[in-house]
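Heads up, query09.tsv below (TSV, C-alpha atoms):
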```
chain	number	residue	atom	x	y	z
A	1	MET	CA	30.27	-12.54	-3.82
A	2	ALA	CA	30.31	-8.75	-4.03
A	3	GLY	CA	27.69	-6.76	-2.18
A	4	GLN	CA	25.32	-4.28	-3.78
A	5	LEU	CA	24.59	-0.89	-2.28
A	6	LEU	CA	20.92	0.05	-2.31
A	7	LYS	CA	19.98	3.67	-1.85
A	8	GLY	CA	16.71	3.49	0.05
A	9	LYS	CA	15.44	6.98	-0.74
A	10	SER	CA	15.83	6.57	-4.48
A	11	VAL	CA	14.22	3.11	-4.38
A	12	ALA	CA	11.31	4.49	-2.33
A	13	ARG	CA	10.89	7.43	-4.72
A	14	GLU	CA	10.77	5.06	-7.70
A	15	ILE	CA	8.14	2.91	-6.00
A	16	GLN	CA	6.06	6.01	-5.19
A	17	GLU	CA	6.26	7.25	-8.77
A	18	LYS	CA	5.22	3.88	-10.21
A	19	THR	CA	2.38	3.62	-7.70
A	20	ALA	CA	1.17	7.14	-8.50
A	21	GLU	CA	1.18	6.30	-12.23
A	22	ARG	CA	-0.81	3.13	-11.62
A	23	VAL	CA	-3.30	4.94	-9.36
A	24	ALA	CA	-3.79	7.63	-12.02
A	25	LEU	CA	-4.38	4.96	-14.69
A	26	LEU	CA	-6.92	3.16	-12.54
A	27	LYS	CA	-8.74	6.43	-11.85
A	28	GLU	CA	-8.85	7.18	-15.59
A	29	GLN	CA	-10.52	3.80	-16.04
A	30	GLY	CA	-13.16	4.72	-13.47
A	31	GLN	CA	-11.77	2.60	-10.65
A	32	ALA	CA	-11.88	3.82	-7.05
A	33	VAL	CA	-8.48	3.61	-5.39
A	34	LYS	CA	-8.51	3.73	-1.61
A	35	LEU	CA	-6.52	2.54	1.38
A	36	ALA	CA	-8.74	1.76	4.36
A	37	VAL	CA	-7.23	0.88	7.72
A	38	ILE	CA	-9.01	-0.52	10.76
A	39	LEU	CA	-7.19	0.55	13.90
A	40	VAL	CA	-8.14	-1.09	17.18
A	41	GLY	CA	-7.05	0.46	20.45
A	42	ASP	CA	-5.08	3.52	21.47
A	43	ASP	CA	-1.49	2.44	20.87
A	44	ALA	CA	0.42	5.65	20.04
A	45	PRO	CA	3.02	4.01	17.76
A	46	SER	CA	0.21	2.35	15.79
A	47	HIS	CA	-1.49	5.72	15.32
A	48	THR	CA	1.81	7.17	14.09
A	49	TYR	CA	2.34	4.27	11.67
A	50	VAL	CA	-1.18	4.50	10.28
A	51	GLY	CA	-0.86	8.28	9.94
A	52	LYS	CA	2.28	7.86	7.85
A	53	LYS	CA	0.55	5.26	5.66
A	54	GLY	CA	-2.33	7.72	5.17
A	55	LYS	CA	0.05	10.49	4.08
A	56	ALA	CA	1.84	8.11	1.71
A	57	ALA	CA	-1.48	7.00	0.18
A	58	LYS	CA	-2.61	10.58	-0.38
A	59	LYS	CA	0.79	11.48	-1.86
A	60	VAL	CA	0.28	8.94	-4.67
A	61	GLY	CA	-3.33	10.02	-5.27
A	62	MET	CA	-5.23	7.44	-3.25
A	63	GLU	CA	-8.08	8.15	-0.90
A	64	PHE	CA	-7.49	7.19	2.72
A	65	GLU	CA	-9.96	6.12	5.37
A	66	LEU	CA	-9.19	5.40	9.00
A	67	ILE	CA	-11.68	3.32	10.92
A	68	ALA	CA	-10.80	3.60	14.59
A	69	LEU	CA	-12.37	1.13	17.02
```
What does the file become when written as structure tokens?
Amino acid sequence: MAGQLLKGKSVAREIQEKTAERVALLKEQGQAVKLAVILVGDDAPSHTYVGKKGKAAKKVGMEFELIAL
């Protein structure tokens, strides 16, 4: 069986583009599109991870809300 090379950056870009299109369509239909994250504790790597998810959400046109407990 031959292997298949996946180029991660191009796959990620395609997913982002499709997500942005879907978010735009939902907004046109009057739907609110938001990613909300509940973060418990002060774990630095978790804060970094959630921050990156927030940037990704905003990049595709979603609102982002962080609820830190």
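Here CA of Val40 in chain A stands at a distance of 16.7 Å from CA of Phe64 in chain A.
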Separation of CA of Val37 in chain A from CA of Glu65 in chain A, in Å and rounded to one decimal: 6.4 Å
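By chain and then residue number, the residues within 7 Å of Val23 in chain A are Thr19, Ala20, Glu21, Leu25, Leu26, Lys27, Val33, Gly61 and Met62 of chain A, counting all atoms listed in the file and disregarding those fewer than 2 positions away in sequence.
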CA of Ile15 in chain A to CA of Thr48 in chain A, distance in Å rounded to a single decimal: 21.5 Å
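Closest approach to Lys52 in chain A from the set A:Leu66, A:Gly3, A:Gln31, A:Ser10 is made by A:Leu66, with distances taken over all atoms listed in the file.
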Nearest to Glu17 in chain A by atom-to-atom distance, counting only C-alpha atoms, from A:Ser46, A:Gly54, A:Ile67, A:Lys59: A:Lys59
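For the set A:Lys7, A:Leu69, A:Ala2, A:Gln16, the residue with the smallest atom-to-atom gap to Ile38 in chain A is A:Leu69, counting only C-alpha atoms.
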Because the input lacks atoms here, generate all heavy atoms for range 27-38 of chain A and report them as a JSON list (two decimals), keeping the file's coordinate frame.
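This went into result13.json:
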```json
[["chain", "number", "residue", "atom", "x", "y", "z"],
["A", 27, "LYS", "N", -7.72, 5.38, -11.97],
["A", 27, "LYS", "CA", -8.74, 6.43, -11.85],
["A", 27, "LYS", "C", -9.29, 6.81, -13.22],
["A", 27, "LYS", "O", -10.49, 7.04, -13.38],
["A", 27, "LYS", "CB", -8.17, 7.66, -11.15],
["A", 27, "LYS", "CG", -8.03, 7.48, -9.66],
["A", 27, "LYS", "CD", -7.52, 8.77, -9.03],
["A", 27, "LYS", "CE", -7.55, 8.71, -7.52],
["A", 27, "LYS", "NZ", -7.11, 9.98, -6.92],
["A", 28, "GLU", "N", -8.41, 6.88, -14.22],
["A", 28, "GLU", "CA", -8.85, 7.18, -15.59],
["A", 28, "GLU", "C", -9.81, 6.13, -16.10],
["A", 28, "GLU", "O", -10.69, 6.42, -16.91],
["A", 28, "GLU", "CB", -7.64, 7.27, -16.53],
["A", 28, "GLU", "CG", -6.80, 8.50, -16.37],
["A", 28, "GLU", "CD", -5.55, 8.47, -17.23],
["A", 28, "GLU", "OE1", -5.44, 7.58, -18.11],
["A", 28, "GLU", "OE2", -4.67, 9.32, -17.03],
["A", 29, "GLN", "N", -9.65, 4.90, -15.63],
["A", 29, "GLN", "CA", -10.52, 3.80, -16.04],
["A", 29, "GLN", "C", -11.78, 3.71, -15.18],
["A", 29, "GLN", "O", -12.55, 2.77, -15.31],
["A", 29, "GLN", "CB", -9.74, 2.48, -15.96],
["A", 29, "GLN", "CG", -8.58, 2.41, -16.91],
["A", 29, "GLN", "CD", -7.70, 1.18, -16.69],
["A", 29, "GLN", "OE1", -7.85, 0.45, -15.72],
["A", 29, "GLN", "NE2", -6.76, 0.98, -17.59],
["A", 30, "GLY", "N", -11.96, 4.68, -14.29],
["A", 30, "GLY", "CA", -13.16, 4.72, -13.47],
["A", 30, "GLY", "C", -13.10, 3.89, -12.21],
["A", 30, "GLY", "O", -14.12, 3.67, -11.55],
["A", 31, "GLN", "N", -11.92, 3.42, -11.86],
["A", 31, "GLN", "CA", -11.77, 2.60, -10.65],
["A", 31, "GLN", "C", -11.55, 3.50, -9.42],
["A", 31, "GLN", "O", -10.85, 4.51, -9.51],
["A", 31, "GLN", "CB", -10.56, 1.67, -10.78],
["A", 31, "GLN", "CG", -10.68, 0.67, -11.89],
["A", 31, "GLN", "CD", -11.73, -0.40, -11.59],
["A", 31, "GLN", "OE1", -11.86, -0.86, -10.47],
["A", 31, "GLN", "NE2", -12.48, -0.76, -12.60],
["A", 32, "ALA", "N", -12.13, 3.12, -8.31],
["A", 32, "ALA", "CA", -11.88, 3.82, -7.05],
["A", 32, "ALA", "C", -10.62, 3.22, -6.43],
["A", 32, "ALA", "O", -10.47, 2.00, -6.38],
["A", 32, "ALA", "CB", -13.07, 3.66, -6.11],
["A", 33, "VAL", "N", -9.73, 4.08, -5.99],
["A", 33, "VAL", "CA", -8.48, 3.61, -5.39],
["A", 33, "VAL", "C", -8.41, 4.18, -3.98],
["A", 33, "VAL", "O", -8.36, 5.40, -3.78],
["A", 33, "VAL", "CB", -7.26, 4.05, -6.22],
["A", 33, "VAL", "CG1", -5.99, 3.48, -5.62],
["A", 33, "VAL", "CG2", -7.40, 3.64, -7.67],
["A", 34, "LYS", "N", -8.41, 3.29, -3.00],
["A", 34, "LYS", "CA", -8.51, 3.73, -1.61],
["A", 34, "LYS", "C", -7.77, 2.77, -0.69],
["A", 34, "LYS", "O", -7.83, 1.56, -0.88],
["A", 34, "LYS", "CB", -9.99, 3.79, -1.22],
["A", 34, "LYS", "CG", -10.27, 4.26, 0.17],
["A", 34, "LYS", "CD", -11.77, 4.28, 0.38],
["A", 34, "LYS", "CE", -12.18, 5.00, 1.61],
["A", 34, "LYS", "NZ", -13.64, 5.08, 1.74],
["A", 35, "LEU", "N", -7.11, 3.34, 0.31],
["A", 35, "LEU", "CA", -6.52, 2.54, 1.38],
["A", 35, "LEU", "C", -7.38, 2.76, 2.61],
["A", 35, "LEU", "O", -7.56, 3.90, 3.06],
["A", 35, "LEU", "CB", -5.08, 2.98, 1.67],
["A", 35, "LEU", "CG", -4.43, 2.33, 2.89],
["A", 35, "LEU", "CD1", -4.26, 0.83, 2.67],
["A", 35, "LEU", "CD2", -3.08, 2.98, 3.20],
["A", 36, "ALA", "N", -7.95, 1.68, 3.14],
["A", 36, "ALA", "CA", -8.74, 1.76, 4.36],
["A", 36, "ALA", "C", -8.03, 0.94, 5.43],
["A", 36, "ALA", "O", -7.58, -0.18, 5.18],
["A", 36, "ALA", "CB", -10.15, 1.21, 4.11],
["A", 37, "VAL", "N", -7.91, 1.54, 6.61],
["A", 37, "VAL", "CA", -7.23, 0.88, 7.72],
["A", 37, "VAL", "C", -8.17, 0.80, 8.91],
["A", 37, "VAL", "O", -8.82, 1.79, 9.25],
["A", 37, "VAL", "CB", -5.96, 1.67, 8.12],
["A", 37, "VAL", "CG1", -5.30, 1.04, 9.34],
["A", 37, "VAL", "CG2", -4.98, 1.74, 6.96],
["A", 38, "ILE", "N", -8.25, -0.35, 9.52],
["A", 38, "ILE", "CA", -9.01, -0.52, 10.76],
["A", 38, "ILE", "C", -8.00, -0.54, 11.89],
["A", 38, "ILE", "O", -7.12, -1.40, 11.94],
["A", 38, "ILE", "CB", -9.83, -1.81, 10.74],
["A", 38, "ILE", "CG1", -10.82, -1.79, 9.57],
["A", 38, "ILE", "CG2", -10.55, -2.00, 12.08],
["A", 38, "ILE", "CD1", -11.52, -3.10, 9.34]]
```
